[in-house]
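Everything on this sheet refers to the single structure shown next.
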Number of protein chains: 2
Amino acid sequence: MAIEAARLSPSLAAAAILGRRGAPPAALPLRRALPLLLPPRRRRLCFLAAAGGDGRAVALPSSELRKRRGGASSSSSAAPGGGEDEKLRSLRRLLARPDVAIDAYIVPSQDAHQSEFIAECFMRRAYLTGFTGSAGTAVVTKDKAALWTDGRYFLQAEKELSHDWTLMRSGNQGVPTTSEWLNEVLPSGCRVGIDPFLFSFDAAEELKDAISEKNHELVLIKDLNLVDEIWGESRPEPPKERTRVHGIKYAGVDVPSKLSFVRSQLAENGCNAVVISLLDEVAWLLNMRGSDVPNSPIFYSYLIVEDTAATLFVDNNKVSEDVLEHLEKAGVKLKPYEAILSDVERLAENGAKLWLDSSSINAAIVNVFRSSCERYVKKRGKAGRQIGKESSQGDPATGSSGVQNGTVNALYKVSPATLAKAVKNEAEVEGMKSSHLRDAAALAEFWCWLEGQVRESVPLTEVQVAEKLLEFRQKQDGFIDTSFDTISGYGANGAIIHYRPTPESCSSVESDNLFLLDSGAQYIDGTTDITRTVHFGEPTPRQKECFTRVLQGHIALDQAVFPERTPGFVLDVLARSSLWKIGLDYRHGTGHGVGAALNVHEGPQSISYRYGNLTALQKGMIVSNEPGYYEDNSFGIRIENLLLVKEVDLPNSFGGVSYLGFEKLTFVPIQSKLVDLSLLSPSEINWINEYHDEVWEKTDSYMLDTETYNCTYIGTEVVFTRMRIVDCFLGSKIIPRIHHSKII
Amino acid sequence: MAIEAARLSPSLAAAAILGRRGAPPAALPLRRALPLLLPPRRRRLCFLAAAGGDGRAVALPSSELRKRRGGASSSSSAAPGGGEDEKLRSLRRLLARPDVAIDAYIVPSQDAHQSEFIAECFMRRAYLTGFTGSAGTAVVTKDKAALWTDGRYFLQAEKELSHDWTLMRSGNQGVPTTSEWLNEVLPSGCRVGIDPFLFSFDAAEELKDAISEKNHELVLIKDLNLVDEIWGESRPEPPKERTRVHGIKYAGVDVPSKLSFVRSQLAENGCNAVVISLLDEVAWLLNMRGSDVPNSPIFYSYLIVEDTAATLFVDNNKVSEDVLEHLEKAGVKLKPYEAILSDVERLAENGAKLWLDSSSINAAIVNVFRSSCERYVKKRGKAGRQIGKESSQGDPATGSSGVQNGTVNALYKVSPATLAKAVKNEAEVEGMKSSHLRDAAALAEFWCWLEGQVRESVPLTEVQVAEKLLEFRQKQDGFIDTSFDTISGYGANGAIIHYRPTPESCSSVESDNLFLLDSGAQYIDGTTDITRTVHFGEPTPRQKECFTRVLQGHIALDQAVFPERTPGFVLDVLARSSLWKIGLDYRHGTGHGVGAALNVHEGPQSISYRYGNLTALQKGMIVSNEPGYYEDNSFGIRIENLLLVKEVDLPNSFGGVSYLGFEKLTFVPIQSKLVDLSLLSPSEINWINEYHDEVWEKTDSYMLDTETYNCTYIGTEVVFTRMRIVDCFLGSKIIPRIHHSKII
């Protein structure tokens, strides 16, 4: 699944390397910037409750899900011209309430954990504005209401916003940022309110700095979310799905070992405790999974790891006996989700030096810690005592954030779990490999089915195709959920990088143009993300040339070998140079990290044309390889596999360093009909043939369907039974043709 | 000519982009770090005095030059066990003198302009220490004397230093930097002296910061160089060579236009004047050339450009009538070289806002300006007046250097000439192309000659070979000088990246191993830099594989196409990836900028695996393309062409941007005997054939020699007359073989 490069490339790690405040402008924190691609919705998919089990999950068809989601969504978002006035009026009454007394209120899309997918009860911006796109920020003043969103959502926002709202088209020339706008429209010295849970500490500090130019004060209203207040009883309940143990078979390393690693990091950094607030990090550290949000197997929680204790802050109802036992064994105590702030206060009072990842951890937590530290110091000061020695060391990175050394006992640094989670262990790699083969078999069957349908001119919309794909995946062992909303784009829709078809407006899939399908799944043992682009009719020479150049980029990156300590961005050019040769390019990064049975997008590594992310690719990391080309209003091409970074065995090792390369995880054929052989070198042709050999060899045994398909998928035109898929997959019909093709 | 990557990659431009003080640790200023590759010596080569003429220069053979230089050098450097004690003793007496009163004195290798090649009278470190290597820093305290140099010079320094000196092997583990050492060996609160002319302002500030840790004070002794003081009458005279006008035919743009460009930059940046101290920038801006140092056609001078005036600070004796007239026409006044400081004082007193490139401009000038500004402000303060409005704007970059806004009226920013000089105009490109063809013809004749000699077993040393190459070049029109000391390395010597053969110790060139020859020339119209590696016997399969992979990297970079605004480092991986595939690499950058009839190394662009230099490659820039591979104690390989960045005409221009590529300037065959064809793709093979076609086509008419050579240079074994060089160059004997070779 492609990520806008602007969002993907910068990373926590880069910020850490460059110095938290010294990072160049491009280096925004990754977490906060992770793509909120599609309208989140309340999650209703079944999940696998059995801890460590490998049973099959039965998910509802996505058409059914969409109906339910649609229902939930329509109850929470108001139609244009409907009751918005009332919401805005209520909100403005709240702004004026003496205990609030602010001049503006900012409502972002985030939850308290910077999650990519969020629960419906946290979709406050959608509720308030009626705009259901995933990305957007609303700002309401006493007489103005404006919503910022990006190019993906301009049309949708125009439709969904009432006339009370001004649409701010982010990225268009002359459109101010939220803070620029606040500095414009408010008289000097106003009070701008936010819910500090919904901003990372870094983001809140940036905002504070930006609006201080006009002497505005940033007011953190942490005990009252104003949108929740007006949402009242109609606000959906917070998710209450049960969590489950992520079995050691899949997790590979037990919780005590992981906690002990975190504690070694604490010791190394002179800290006593760390607050983990990213939900995938909590899930990874505790070998637990949940289903509070769509697409990611995470659950709302915080984790504090101390020298000798560990506490999970989570709704008690989500914890089964199994999970409780699992946590007890690892010495992890439970506290209510809401208790996080008081525990952070306790840490401050105990004089603990706290490790905080300020790019992801919310401003409510950091500020409670800071104010508690200050209170504590004053109290101690009166009692004539000194604060612990760590406090005077102070991290240089804190300098510009206004923290006084000796008062706030904090280390602002990327979380100790980030890199550890990114470097997969053997069991995680095993699970990723295995789930990818089942996923590949589902894809192959799906493509054969789809080709048959299109050939027989069965009318099918982009949404119906995505639903059918879900059905094929559901049949595979261990399937749990999609890993993101399927991007199913026919023709011109394929050129919209973050396209999401809706039942009301989507195209049908036919044989006159390219069809781009970017999808992924969550399995009990792994997470997948794959894009293929096909043509069911006759591609134009232009389409073939573009496809072939995208494929050349894909192959070049796939085959790259590089010394250890190479950051991903160094390799990005390999994926682009074939396109550059004819003046083409694509406006997104080439690769993102992927979690193991976790988030489909994770840091800290990336492969991108932005240079902010200096994180080296390391053995055990997983990255996507997804160059593309998009011709506006015409067609889109993307070819995406997931790759595992591995050490390669070479005849030399210059400089005494290891050399790394990639191992493919994804095994689904690439349509050879779209390849212009005259552009390929013999080694590129061999790459395709060898890949297709491997595809069949590895996925054969996972095929579930023995029906007859009419398949031209990879360039042959044969009617074949399951067994004859062999021919198709092996590409035996085309290998000779390729081998004897004229070489330029 | 290869540059150590550590030295080449960071640039002024990068520093400017990243913020002067916000640059990551890798981003050292380029100028200061430019490679001081080889022992500089007094320059005695003839130069072309005719302004704008195209006559032929007659240079002395380099063997003759070396003798003369050797003489000069032995008079200035003392043999081990000789008179060093006396020098050290004299220096220490000076340290103690009441008007000096310092505890340590640092003697760097630099001149006052951060030049790559310097005049003998400025080789103070060599005089003081007896160590004649080009790179090194001496530090003398009351009881210690230490010399820092890098791995290239450990052996030489061991030989040349007396027992009074401690050799500090820079880069070896545990070896402190000069400032760390000073903090170690001196008691707290000492006075460390430097000649502020010999440190860039940035370098001096860094040093000051570093030694302040031990409360040492940095003492700038600007009126007295302590080494000159003890050198006394035996110190060589400063160079007095006449300057000449660099004709408009070669310069392309006249001086008034260049000055007017600088003035527009001044206006844009709210400045009134700029001090230009880099000698190639002065030469470029004034369309003048000189011969004060070896290899670079520069002359010792400063230039101040003001809103309405321009002043060249130069020894009057160097200015002929021609030059004087040329300068007068452009409104450039003359002042003595030594008047620079008093003029800077004058600017401060006039309240001018001064543009200073603090990464290259010496600390003497900047500090005189700063102290004059302070005096001026005080004086004005007393008179109740305010400093001009520019002073209060202050550049943010000055913040951390301790400059107080409102007091020092300076803009610290990369010089306005740097980028302008790097982007060549049409005439400069024309001159570069033309001089490269003459150079190529000389090279071809030289290689044919050399092959004949080796075949006939004529004993020839690396030095003799370099001298003969000079002879061939001298025969070409417009030859002036070498552009750096030739790197002529046979066998294991080729693996020493910065090898410089000496008559006493060099190897002979034979047919049992690879021979690497990296050389360049200054012509009236252009500067060349080329490396070829050949084998006169039977290369091993290992050598062929390594050579072929270096060649593949060379070809990949040569053929790169990339969107405008791409920094050079993005392309570096293209030159390395073929080597990486078998676990090989090289420890230097891939490309450096080259001046047009100017310095062979110039910024701001580079192509390097370090990521600090964000300067985009731009149409009209020239870069070297010189991947290599070095097998210690065995052999070295480098293949270097110069490339011109040009706009390429493509069928698309995605994103509405221009796409850039390269045009070769260098036309000398690459030895096909060393190519393992089985590793090459058809398009790589075509590249070689087409290049060799072009080589002959372009250089044919510049061949001066019609003798018969016995040539296997590019893989044929034929006896041929001049005309039959065609066969050799066209590679007609090998084209069919290559075209029909088995493709893997």
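Residue numbering restarts at 1 for every chain of the structure tokens, chains are lettered A, B, ... in their displayed order, and ligands are numbered from 1 as they appear.
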
Within 8 Å of chain A: each chain B residue with its shortest pair, only C-alpha atoms, as a Markdown table:
| residue | atom | partner | partner_atom | distance |
| --- | --- | --- | --- | --- |
| B:Leu18 | CA | A:Pro24 | CA | 6.9 |
| B:Gly22 | CA | A:Gly22 | CA | 6.6 |
| B:Pro24 | CA | A:Leu18 | CA | 6.8 |
| B:Ala560 | CA | A:Ser577 | CA | 7.2 |
| B:Val561 | CA | A:Lys581 | CA | 5.3 |
| B:Phe562 | CA | A:Trp580 | CA | 5.6 |
| B:Pro563 | CA | A:Trp580 | CA | 7.1 |
| B:Val570 | CA | A:Val570 | CA | 6.5 |
| B:Leu571 | CA | A:Val573 | CA | 7.2 |
| B:Val573 | CA | A:Val570 | CA | 6.7 |
| B:Leu574 | CA | A:Leu574 | CA | 7.5 |
| B:Ser577 | CA | A:Val561 | CA | 7.0 |
| B:Trp580 | CA | A:Phe562 | CA | 5.6 |
| B:Lys581 | CA | A:Val561 | CA | 5.2 |
| B:Ile582 | CA | A:Leu650 | CA | 5.6 |
| B:Gly583 | CA | A:Ser653 | CA | 4.7 |
| B:Leu584 | CA | A:Phe654 | CA | 4.9 |
| B:Asp585 | CA | A:Phe654 | CA | 6.1 |
| B:Leu650 | CA | A:Ile582 | CA | 5.6 |
| B:Pro651 | CA | A:Ile582 | CA | 6.2 |
| B:Asn652 | CA | A:Gly583 | CA | 4.7 |
| B:Ser653 | CA | A:Gly583 | CA | 4.7 |
| B:Phe654 | CA | A:Leu584 | CA | 4.9 |
| B:Gly655 | CA | A:Asp585 | CA | 7.9 |
| B:Tyr659 | CA | A:Gly583 | CA | 6.3 |
| B:Ser681 | CA | A:Ser681 | CA | 6.5 |
| B:Pro682 | CA | A:Ile744 | CA | 6.7 |
| B:Ser683 | CA | A:Ile744 | CA | 7.5 |
| B:Ile743 | CA | A:Pro682 | CA | 7.3 |
| B:Ile744 | CA | A:Pro682 | CA | 6.6 |

Computed gap from CA of Asn493 in chain B to CA of Leu551 in chain B is 20.3 Å

| Residue neighbourhood range 122-125 of chain B, 7 Å, only C-alpha atoms, exclusion window fewer than 2 positions, as JSON, numbers by chain | {"B": [107, 108, 109, 111, 118, 119, 120, 127, 128, 129, 137, 138, 227]}

Practice problem: For range 667-672 of chain A, list every protein, DNA or RNA residue within 10 Å, evaluated using only C-alpha atoms, and leave out those in the same chain fewer than 3 positions away; present the list as a count of residues only. | Solution: 51

For the atom pair CA of Asn316 in chain A and CA of Lys240 in chain A, what is the interatomic distance in Å to one decimal place?
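According to the coordinates, CA of Asn316 in chain A and CA of Lys240 in chain A are separated by 9.4 Å.
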
From CA of Pro294 in chain A to CA of Val332 in chain A the spacing works out at 26.5 Å

Inset, instruction - Could you pull out the residues in range 145-243 of chain A that DSSP calls helix (DSSP H, G or I) from the backbone, as an MDAnalysis selection string? - result: chainID A and resid 151:160 178:185 196:198 201:212 226:234

Would you mind exporting the chosen residues as a compact mmCIF listing (two decimals), in the first residue's frame, restricted to N, CA and C atoms?
# COMPACT_ATOMS: atom_id res chain seq x y z
N GLY A 151 -5.74 17.11 -0.86
CA GLY A 151 -6.28 16.92 -2.20
C GLY A 151 -7.12 15.67 -2.41
N ARG A 152 -6.82 14.63 -1.61
CA ARG A 152 -7.59 13.41 -1.77
C ARG A 152 -9.07 13.61 -1.46
N TYR A 153 -9.36 14.61 -0.64
CA TYR A 153 -10.71 14.72 -0.07
C TYR A 153 -11.45 16.00 -0.42
N PHE A 154 -10.88 16.79 -1.34
CA PHE A 154 -11.53 18.07 -1.64
C PHE A 154 -13.00 17.86 -2.08
N LEU A 155 -13.20 16.94 -3.02
CA LEU A 155 -14.55 16.73 -3.54
C LEU A 155 -15.49 16.23 -2.46
N GLN A 156 -15.00 15.23 -1.71
CA GLN A 156 -15.82 14.65 -0.66
C GLN A 156 -16.19 15.71 0.38
N ALA A 157 -15.20 16.52 0.75
CA ALA A 157 -15.45 17.54 1.77
C ALA A 157 -16.46 18.58 1.26
N GLU A 158 -16.33 18.95 -0.02
CA GLU A 158 -17.28 19.90 -0.59
C GLU A 158 -18.71 19.37 -0.46
N LYS A 159 -18.87 18.07 -0.69
CA LYS A 159 -20.20 17.48 -0.61
C LYS A 159 -20.69 17.41 0.83
N GLU A 160 -19.78 17.05 1.73
CA GLU A 160 -20.23 16.71 3.08
C GLU A 160 -20.34 17.90 4.03
N THR A 178 -3.34 25.81 9.81
CA THR A 178 -4.29 26.15 10.87
C THR A 178 -3.74 27.27 11.75
N SER A 179 -2.46 27.17 12.09
CA SER A 179 -1.93 28.20 13.00
C SER A 179 -1.81 29.54 12.29
N GLU A 180 -1.41 29.52 11.01
CA GLU A 180 -1.37 30.78 10.25
C GLU A 180 -2.77 31.42 10.21
N TRP A 181 -3.76 30.57 10.01
CA TRP A 181 -5.13 31.06 9.93
C TRP A 181 -5.56 31.66 11.25
N LEU A 182 -5.22 30.96 12.35
CA LEU A 182 -5.58 31.47 13.68
C LEU A 182 -4.91 32.82 13.92
N ASN A 183 -3.65 32.93 13.46
CA ASN A 183 -2.95 34.20 13.63
C ASN A 183 -3.58 35.30 12.78
N GLU A 184 -4.21 34.88 11.69
CA GLU A 184 -4.87 35.84 10.79
C GLU A 184 -6.20 36.32 11.34
N VAL A 185 -7.04 35.34 11.72
CA VAL A 185 -8.45 35.69 11.99
C VAL A 185 -8.71 36.14 13.43
N PRO A 196 -5.47 18.01 24.90
CA PRO A 196 -4.06 17.64 24.80
C PRO A 196 -3.83 16.15 24.57
N PHE A 197 -4.88 15.33 24.77
CA PHE A 197 -4.73 13.91 24.46
C PHE A 197 -4.61 13.68 22.95
N LEU A 198 -5.10 14.63 22.17
CA LEU A 198 -5.20 14.41 20.73
C LEU A 198 -4.04 15.02 19.95
N PHE A 201 3.09 15.57 22.01
CA PHE A 201 3.73 16.68 22.70
C PHE A 201 4.44 17.60 21.71
N ASP A 202 5.17 16.98 20.76
CA ASP A 202 5.89 17.80 19.77
C ASP A 202 4.92 18.68 18.98
N ALA A 203 3.80 18.09 18.55
CA ALA A 203 2.84 18.83 17.75
C ALA A 203 2.25 19.99 18.56
N ALA A 204 1.97 19.73 19.82
CA ALA A 204 1.40 20.78 20.66
C ALA A 204 2.41 21.91 20.85
N GLU A 205 3.68 21.53 21.03
CA GLU A 205 4.72 22.56 21.20
C GLU A 205 4.87 23.41 19.94
N GLU A 206 4.83 22.73 18.80
CA GLU A 206 4.92 23.46 17.53
C GLU A 206 3.77 24.44 17.39
N LEU A 207 2.59 23.95 17.72
CA LEU A 207 1.40 24.80 17.64
C LEU A 207 1.53 25.99 18.59
N LYS A 208 1.97 25.69 19.79
CA LYS A 208 2.13 26.76 20.79
C LYS A 208 3.09 27.83 20.27
N ASP A 209 4.24 27.37 19.73
CA ASP A 209 5.21 28.32 19.18
C ASP A 209 4.60 29.14 18.06
N ALA A 210 3.89 28.44 17.16
CA ALA A 210 3.37 29.12 15.96
C ALA A 210 2.36 30.20 16.33
N ILE A 211 1.46 29.90 17.27
CA ILE A 211 0.43 30.90 17.58
C ILE A 211 0.93 31.96 18.56
N SER A 212 2.08 31.68 19.17
CA SER A 212 2.62 32.69 20.09
C SER A 212 3.07 33.93 19.31
N LEU A 226 -14.64 18.97 24.25
CA LEU A 226 -15.84 19.76 23.96
C LEU A 226 -16.75 19.06 22.95
N VAL A 227 -16.15 18.32 22.03
CA VAL A 227 -16.99 17.63 21.04
C VAL A 227 -17.75 16.49 21.72
N ASP A 228 -17.07 15.76 22.59
CA ASP A 228 -17.76 14.70 23.33
C ASP A 228 -18.94 15.29 24.12
N GLU A 229 -18.72 16.46 24.65
CA GLU A 229 -19.73 17.12 25.46
C GLU A 229 -21.01 17.36 24.64
N ILE A 230 -20.84 17.82 23.41
CA ILE A 230 -22.05 18.07 22.61
C ILE A 230 -22.56 16.78 21.96
N TRP A 231 -21.63 15.82 21.78
CA TRP A 231 -22.02 14.54 21.19
C TRP A 231 -22.98 13.82 22.15
N GLY A 232 -22.68 13.94 23.39
CA GLY A 232 -23.57 13.44 24.44
C GLY A 232 -23.83 11.95 24.36
N GLU A 233 -25.06 11.57 24.52
CA GLU A 233 -25.40 10.15 24.61
C GLU A 233 -25.33 9.44 23.28
N SER A 234 -25.39 10.20 22.22
CA SER A 234 -25.36 9.53 20.91
C SER A 234 -23.92 9.12 20.54

Could you pull the residues within 12 Å of Pro187 in chain A, counting only C-alpha atoms, minus those fewer than 5 positions along the same chain, as a list in words?
Asp103, Ala104, Thr141, Lys142, Trp181, Leu182, Val192, Ile211, Glu213, Lys214, Asn215, His216 and Glu217 of chain A

Can those selected residues be exported to a file as a short mmCIF file (atom, residue, chain, number, x, y, z; two decimals), in the first residue's frame so that it contains C-alpha atoms?
data_model
loop_
_atom_site.label_atom_id
_atom_site.label_comp_id
_atom_site.auth_asym_id
_atom_site.auth_seq_id
_atom_site.Cartn_x
_atom_site.Cartn_y
_atom_site.Cartn_z
CA ASP A 103 -11.64 31.91 21.53
CA ALA A 104 -11.01 28.93 19.29
CA THR A 141 -13.87 30.26 16.51
CA LYS A 142 -16.74 32.34 17.78
CA TRP A 181 -5.13 31.06 9.93
CA LEU A 182 -5.58 31.47 13.68
CA VAL A 192 -6.78 28.67 21.61
CA ILE A 211 0.43 30.90 17.58
CA GLU A 213 3.63 34.90 17.17
CA LYS A 214 0.26 36.61 17.62
CA ASN A 215 0.50 36.31 21.41
CA HIS A 216 -2.16 33.63 21.46
CA GLU A 217 -2.09 31.25 24.37
#

Extract the full set of strand (DSSP E or B) residues from range 149-228 of chain B according to DSSP on the backbone, and format it as a short mmCIF file (atom, residue, chain, number, x, y, z; two decimals) with N, CA, C and O atoms, in the first residue's frame.
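Generated file (selection_9.cif):
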data_model
loop_
_atom_site.label_atom_id
_atom_site.label_comp_id
_atom_site.auth_asym_id
_atom_site.auth_seq_id
_atom_site.Cartn_x
_atom_site.Cartn_y
_atom_site.Cartn_z
N THR B 149 48.81 13.90 11.19
CA THR B 149 48.59 13.72 9.76
C THR B 149 47.76 12.45 9.60
O THR B 149 47.51 11.72 10.56
N THR B 166 56.22 14.26 18.27
CA THR B 166 55.36 13.08 18.42
C THR B 166 54.44 13.03 17.21
O THR B 166 53.77 14.03 16.89
N LEU B 167 54.40 11.89 16.55
CA LEU B 167 53.49 11.74 15.40
C LEU B 167 52.11 11.31 15.92
O LEU B 167 51.98 10.30 16.61
N MET B 168 51.10 12.07 15.58
CA MET B 168 49.72 11.74 15.95
C MET B 168 49.04 11.19 14.71
O MET B 168 48.82 11.93 13.75
N ARG B 169 48.73 9.91 14.77
CA ARG B 169 48.16 9.25 13.59
C ARG B 169 46.65 9.47 13.55
O ARG B 169 45.88 8.68 14.08
N ARG B 191 46.68 29.78 27.36
CA ARG B 191 46.48 30.60 26.17
C ARG B 191 47.04 29.85 24.95
O ARG B 191 48.21 29.51 24.91
N VAL B 192 46.14 29.59 23.99
CA VAL B 192 46.51 28.85 22.79
C VAL B 192 46.53 29.83 21.62
O VAL B 192 45.51 30.46 21.32
N GLY B 193 47.67 29.96 20.97
CA GLY B 193 47.79 30.96 19.92
C GLY B 193 47.64 30.38 18.52
O GLY B 193 48.05 29.24 18.26
N ILE B 194 47.04 31.16 17.64
CA ILE B 194 47.02 30.81 16.21
C ILE B 194 47.25 32.08 15.40
O ILE B 194 47.05 33.19 15.89
N SER B 200 39.90 29.34 8.84
CA SER B 200 38.62 29.95 8.47
C SER B 200 37.95 30.38 9.77
O SER B 200 38.26 29.87 10.85
N GLU B 217 42.07 29.83 26.46
CA GLU B 217 41.67 30.98 25.65
C GLU B 217 42.34 30.87 24.29
O GLU B 217 43.52 30.53 24.20
N LEU B 218 41.58 31.16 23.23
CA LEU B 218 42.18 31.17 21.90
C LEU B 218 42.71 32.57 21.63
O LEU B 218 41.95 33.54 21.63
N VAL B 219 44.02 32.67 21.38
CA VAL B 219 44.66 33.97 21.18
C VAL B 219 44.99 34.14 19.70
O VAL B 219 45.73 33.34 19.13
N LEU B 220 44.40 35.16 19.09
CA LEU B 220 44.63 35.39 17.66
C LEU B 220 45.82 36.34 17.49
O LEU B 220 45.74 37.52 17.87
#

Contacts of Ser115 in chain A at 8 Å or less, counting only C-alpha atoms, minus same-chain residues fewer than 3 places along, as a CSV table (one decimal) with all heavy atoms, in the first residue's frame?
chain,number,residue,atom,x,y,z
A,31,ARG,N,5.1,9.0,13.4
A,31,ARG,CA,3.9,8.5,13.9
A,31,ARG,C,2.7,9.5,13.6
A,31,ARG,O,1.6,9.1,13.2
A,31,ARG,CB,4.0,8.3,15.4
A,31,ARG,CG,5.0,7.3,15.8
A,31,ARG,CD,4.6,5.9,15.3
A,31,ARG,NE,5.6,5.0,15.6
A,31,ARG,CZ,5.5,3.7,15.3
A,31,ARG,NH1,4.5,3.3,14.7
A,31,ARG,NH2,6.5,2.9,15.5
A,110,GLN,N,-7.1,12.8,15.2
A,110,GLN,CA,-6.4,11.7,15.9
A,110,GLN,C,-7.1,11.2,17.1
A,110,GLN,O,-8.0,11.8,17.7
A,110,GLN,CB,-5.1,12.3,16.5
A,110,GLN,CG,-3.9,12.3,15.5
A,110,GLN,CD,-3.9,13.4,14.5
A,110,GLN,OE1,-4.8,14.2,14.5
A,110,GLN,NE2,-3.0,13.4,13.6
A,111,ASP,N,-6.7,10.0,17.5
A,111,ASP,CA,-7.0,9.5,18.9
A,111,ASP,C,-5.9,9.9,19.8
A,111,ASP,O,-4.9,10.6,19.4
A,111,ASP,CB,-7.3,8.0,18.8
A,111,ASP,CG,-6.1,7.1,18.5
A,111,ASP,OD1,-5.0,7.6,18.5
A,111,ASP,OD2,-6.3,5.9,18.2
A,112,ALA,N,-5.8,9.3,21.0
A,112,ALA,CA,-4.8,9.7,22.0
A,112,ALA,C,-3.5,9.0,21.7
A,112,ALA,O,-2.5,9.2,22.5
A,112,ALA,CB,-5.3,9.4,23.4
A,118,ILE,N,-8.7,4.5,13.8
A,118,ILE,CA,-9.2,4.8,15.1
A,118,ILE,C,-10.6,4.4,15.3
A,118,ILE,O,-11.3,4.1,14.3
A,118,ILE,CB,-9.1,6.3,15.4
A,118,ILE,CG1,-10.1,7.1,14.5
A,118,ILE,CG2,-7.6,6.9,15.1
A,118,ILE,CD1,-10.0,8.6,14.8
A,278,LEU,N,2.1,4.2,21.9
A,278,LEU,CA,1.8,3.7,20.6
A,278,LEU,C,1.2,2.3,20.7
A,278,LEU,O,1.8,1.4,21.3
A,278,LEU,CB,3.0,3.6,19.6
A,278,LEU,CG,3.5,5.0,19.3
A,278,LEU,CD1,4.9,4.9,18.6
A,278,LEU,CD2,2.6,5.8,18.4
A,279,LEU,N,0.0,2.1,20.2
A,279,LEU,CA,-0.8,0.9,20.5
A,279,LEU,C,-0.1,-0.4,19.9
A,279,LEU,O,-0.2,-1.5,20.5
A,279,LEU,CB,-2.2,1.0,20.0
A,279,LEU,CG,-3.0,2.2,20.6
A,279,LEU,CD1,-4.4,2.1,20.1
A,279,LEU,CD2,-2.9,2.1,22.1
